[in-house]
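Undergrad: One structure coming up, written as structure tokens, with questions to follow.
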Amino acid sequence: MKKRYLIPALIILSFVSLFVGVSSISLMDLFDFQSEETQIFLISRLPRLVAILLAGAGMSMAGLIMQQLSRNKFVSPTTAGTLDATRLGILVSMLLFANASMIEKMAVAFAFALAGTFLFMQILNRIKFKDAIFIPLVGLMFGNILSSVTTFFAYRADVIQNMSAWLQGDFSMIMKGSYELLYISVPVFIVAYIYANRFTVAGMGEDFSKNLGLKYRSIVNIGLTLVALITATVVLTVGVIPFLGLIIPNIISIFKGDHLQKTLPHTAMLGAIFLLLCDILGRVLIFPYEISISLMVGVIGSFIFLFLLFRGRAYA
Amino acid sequence: MIQVRELTKFYGKKQVVGNVSVNIQRGQITSFIGPNGAGKSTLLSMVSRLLDADTGDVLIDQTNSKKMKSNDFSKRVSILKQSNYMNVRLTIRELVSFGRFPYSKGRLNDEDEKMVDQAIEYMNLKDMEDIYLDELSGGQRQRAFIAMVIAQDTDYVLLDEPLNNLDMKHSVQIMKILRRLVDELGKTVVIVLHDINFASVYSDRIVALKNGLVVKDGTTEEIIQSDSLKEIYDMDIPIQQMNNCRICVYFNS
């Protein structure tokens, strides 16, 4: 898991991703700026690649921050109800503002993601029985409750079809003009990196943080805000990508430890690589059709997750 | 000197620490002893600002600790709690480097690196500095945390039951280290201890608590007496003098 393996892998896969698709594009086509190929490249392929990179890196980082702050390796946006809260937020924004703009949806989705994550952390604080496996189970139940509320109101309002667009992550609809919201995650990455050391200290517990003069509560709040921001942008533009925030940080943790300043870049890169790989496979396997990214990540991801579980809880 | 002034703490309606006043002298080991639930750990947590006291003040070298910024406070007083941080994978060196956090916020300069090196050397951890904490034994891990506190470079070092879950050999090792911190580095050490014999052999002063109140406060010679111990523990404990150590034989009393 060294950078010198991750960076070339990322570059090679990015190139592959750019040139895999129904219409074949060659490098030479791109020199003709007016050609149809160049148009496809700029309107569809490039945005898709950028979206995958940002979403992959973002969801992995969100998972890493959550795991560190909750001190539990099985907590992630998938297993803490963050994704479900975000979807509920999107529904609410659709019901409240008939033609909600992207920014309005974003604001409401972010607020719900944040509230959902804080609620989960509150539940965590109240639970006496802190078993490593028990906590994500509580999170999954919490998420399912939110999810059923969403489904209920979506059904009543007859927007189930619209909602399912956010249920399944999908990069095939990503085009110029529909993914730019994801750029919000770039400043979020930078802030996360600046706070990496503080997150690591906070991950050692409240007493430990206070001993080192760290304002524990505010660091946790900042971390969860970053997580909610990333999750809301990804769900709104791409849809739900399960497991990513769970598997990637765990793999990096096994090889590189939990010193966030050292592991954040690796986590972001591996997340992008993994998502790229899943996306390319999904596009190639039943060519010219596509397998949705959430299905690909779900299948491959759950195998890796099971592997991590069986590997023993030494690192969990 | 740490001056504890009339500290009180309630958990709900139960008073766990009641109107406690003690002075902790510089350059000494002071042990807090007493039966379970006496309020020793709560008192230590309040002195170290992990817990807010309901009433009362703590003065650190004449300055009220409430008036100190948390970052400044963490350069003066450090605390190690007995909890386990085992699910975080950090190497010894990474952990010790975090001792410099109050000074550098994680961006270590040469001075910080030097302090980290010294702390690791001092605790004889140089050859294992790149090993992850979750791969260490209990004694090694405890030494790593003490190395972190050395790097934190505070005058006052507070430890809450540092011998928990350690075997005899490692317990003795840790106590000898704490003694050296006081004798060689001039630190002031405050420990919560369960084993009164460790308190007897290694500390300069002993503060005995019971039901949230200070029942005895004095030099080790004054406290390790059968009649004092009777008052603290409700046990008849004979005391044997061995090689300048006063050993409490409480096993069959």
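Following the order of the structure tokens, first chain is A, next is B, and so on, with residues numbered from 1 inside each chain and ligands from 1 in the order they appear.
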Compute the set of chain A residues within 9 Å of chain B, using only C-alpha atoms, and express it as a list in words.
TA: Gln68, Arg71, Asn72, Lys73, Asn197, Arg198, Thr200, Val201, Gly203, Met204, Gly205, Glu206, Asp207, Phe208, Lys210, Asn211, Leu212, Gly213, Leu214, Lys215, Ser253, Ile254, Lys256, Gly257, Asp258, His259, Ala314, Tyr315 and Ala316 of chain A
Undergrad: May I have the residues within 6 Å of Met296 (chain A) as JSON, numbers by chain, using only C-alpha atoms and disregarding those fewer than 3 positions away in the same chain?
TA: {"A": [278, 293, 299]}
Undergrad: Please, could you write that set of residues out with N, CA and C atoms as a short mmCIF file (atom, residue, chain, number, x, y, z; two decimals), in the first residue's frame?
TA:
```cif
data_model
loop_
_atom_site.label_atom_id
_atom_site.label_comp_id
_atom_site.auth_asym_id
_atom_site.auth_seq_id
_atom_site.Cartn_x
_atom_site.Cartn_y
_atom_site.Cartn_z
N CYS A 278 -14.15 -0.93 -9.95
CA CYS A 278 -15.52 -1.44 -9.95
C CYS A 278 -16.30 -0.87 -11.14
N ILE A 293 -22.95 0.89 -10.29
CA ILE A 293 -21.76 0.90 -9.44
C ILE A 293 -22.06 0.39 -8.04
N VAL A 299 -21.18 -6.06 -4.23
CA VAL A 299 -20.76 -7.46 -4.36
C VAL A 299 -19.29 -7.63 -3.97
#
```
Undergrad: List the spatial neighbours of region 199-213 of chain B as a ChimeraX atom specification - criterion: any atom at most 8 Å away, only C-alpha atoms, same-chain residues fewer than 4 positions off excluded.
TA: /B:15-20,28-35,37-40,175-176,179,193,195,217-220,223-224,232,245-247
Undergrad: When you look at Ile40 (chain A) with a cut-off of 12 Å (counting only C-alpha atoms), what residues show up, excluding the ones that are within fewer than 3 positions of it in the same chain? I need them as JSON, numbers by chain.
TA: {"A": [18, 19, 20, 21, 22, 23, 24, 25, 26, 29, 30, 33, 34, 35, 36, 37, 43, 44, 45, 46, 47, 48, 174, 175, 176]}
Undergrad: Tell me, which residues of region 104-191 of chain B carry DSSP helix (DSSP H, G or I), written as a VMD selection string?
TA: chain B and resid 104 110 to 122 126 to 128 133 to 135 138 to 152 168 to 183
Undergrad: Pull C-alpha atoms from the residues just selected and write them as a PDB file, in the first residue's frame.
TA:
```pdb
ATOM      1  CA  SER B 104       3.546  21.723  17.926  1.00  0.00           C
ATOM      2  CA  ASP B 110      13.762  19.644  15.498  1.00  0.00           C
ATOM      3  CA  GLU B 111      13.345  20.474  19.157  1.00  0.00           C
ATOM      4  CA  ASP B 112      10.193  18.320  19.310  1.00  0.00           C
ATOM      5  CA  GLU B 113      11.903  15.422  17.542  1.00  0.00           C
ATOM      6  CA  LYS B 114      14.743  15.646  20.046  1.00  0.00           C
ATOM      7  CA  MET B 115      12.319  15.499  22.976  1.00  0.00           C
ATOM      8  CA  VAL B 116      10.585  12.485  21.410  1.00  0.00           C
ATOM      9  CA  ASP B 117      13.918  10.735  20.912  1.00  0.00           C
ATOM     10  CA  GLN B 118      14.951  11.414  24.487  1.00  0.00           C
ATOM     11  CA  ALA B 119      11.642  10.153  25.865  1.00  0.00           C
ATOM     12  CA  ILE B 120      11.896   6.945  23.848  1.00  0.00           C
ATOM     13  CA  GLU B 121      15.511   6.416  24.901  1.00  0.00           C
ATOM     14  CA  TYR B 122      14.622   7.123  28.515  1.00  0.00           C
ATOM     15  CA  LYS B 126      14.278   2.642  20.929  1.00  0.00           C
ATOM     16  CA  ASP B 127      14.505  -0.822  19.386  1.00  0.00           C
ATOM     17  CA  MET B 128      10.728  -1.199  19.209  1.00  0.00           C
ATOM     18  CA  LEU B 133       0.680  -0.462  20.184  1.00  0.00           C
ATOM     19  CA  ASP B 134      -1.809  -3.284  19.678  1.00  0.00           C
ATOM     20  CA  GLU B 135       1.104  -5.686  19.217  1.00  0.00           C
ATOM     21  CA  GLY B 138       0.591  -4.535  28.744  1.00  0.00           C
ATOM     22  CA  GLY B 139       3.859  -3.479  30.345  1.00  0.00           C
ATOM     23  CA  GLN B 140       5.386  -2.267  27.101  1.00  0.00           C
ATOM     24  CA  ARG B 141       2.256  -0.326  26.254  1.00  0.00           C
ATOM     25  CA  GLN B 142       2.249   1.337  29.667  1.00  0.00           C
ATOM     26  CA  ARG B 143       5.885   2.320  29.143  1.00  0.00           C
ATOM     27  CA  ALA B 144       4.983   3.788  25.754  1.00  0.00           C
ATOM     28  CA  PHE B 145       2.291   5.946  27.351  1.00  0.00           C
ATOM     29  CA  ILE B 146       4.710   7.089  30.040  1.00  0.00           C
ATOM     30  CA  ALA B 147       7.209   7.954  27.289  1.00  0.00           C
ATOM     31  CA  MET B 148       4.491  10.088  25.725  1.00  0.00           C
ATOM     32  CA  VAL B 149       3.976  11.916  29.008  1.00  0.00           C
ATOM     33  CA  ILE B 150       7.742  12.483  29.289  1.00  0.00           C
ATOM     34  CA  ALA B 151       7.685  14.001  25.806  1.00  0.00           C
ATOM     35  CA  GLN B 152       4.772  16.156  26.918  1.00  0.00           C
ATOM     36  CA  MET B 168       4.680  -8.132  39.388  1.00  0.00           C
ATOM     37  CA  LYS B 169       7.744  -7.614  37.257  1.00  0.00           C
ATOM     38  CA  HIS B 170       6.163  -4.903  35.131  1.00  0.00           C
ATOM     39  CA  SER B 171       4.514  -3.253  38.133  1.00  0.00           C
ATOM     40  CA  VAL B 172       7.897  -2.903  39.798  1.00  0.00           C
ATOM     41  CA  GLN B 173       9.389  -1.663  36.542  1.00  0.00           C
ATOM     42  CA  ILE B 174       6.738   1.050  36.190  1.00  0.00           C
ATOM     43  CA  MET B 175       7.084   2.165  39.821  1.00  0.00           C
ATOM     44  CA  LYS B 176      10.873   2.393  39.479  1.00  0.00           C
ATOM     45  CA  ILE B 177      10.406   4.509  36.362  1.00  0.00           C
ATOM     46  CA  LEU B 178       8.061   6.854  38.225  1.00  0.00           C
ATOM     47  CA  ARG B 179      10.595   7.119  41.028  1.00  0.00           C
ATOM     48  CA  ARG B 180      13.279   8.045  38.481  1.00  0.00           C
ATOM     49  CA  LEU B 181      10.988  10.673  36.956  1.00  0.00           C
ATOM     50  CA  VAL B 182      10.914  12.355  40.344  1.00  0.00           C
ATOM     51  CA  ASP B 183      14.537  11.802  41.391  1.00  0.00           C
TER      52      ASP B 183
END
```
Undergrad: Tell me, as a list in words, which residues lie within 9 Å of Gln62 (chain B), counting only C-alpha atoms; anything in the same chain fewer than 6 positions away does not count.
TA: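 After dropping sequence-adjacent residues, the list is Met1, Ile2 and Gln3 of chain B.
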Undergrad: For CA of Leu137 (chain A) and CA of Gly63 (chain A), quote the distance in Å rounded to one decimal.
TA: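 Distance between the two atoms: 16.0 Å.
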Undergrad: Pick out the closest residue to Asp279 (chain A) from this set: A:Met102, A:Ile300, A:Ala85, A:Leu260. Count only C-alpha atoms.
TA: A:Ile300
Undergrad: Write out as number ranges by chain which residues come within 10 Å of Lys66 (chain B) when counting only C-alpha atoms, dropping same-chain ones fewer than 5 positions away.
TA: B: 49, 52, 57-60, 73
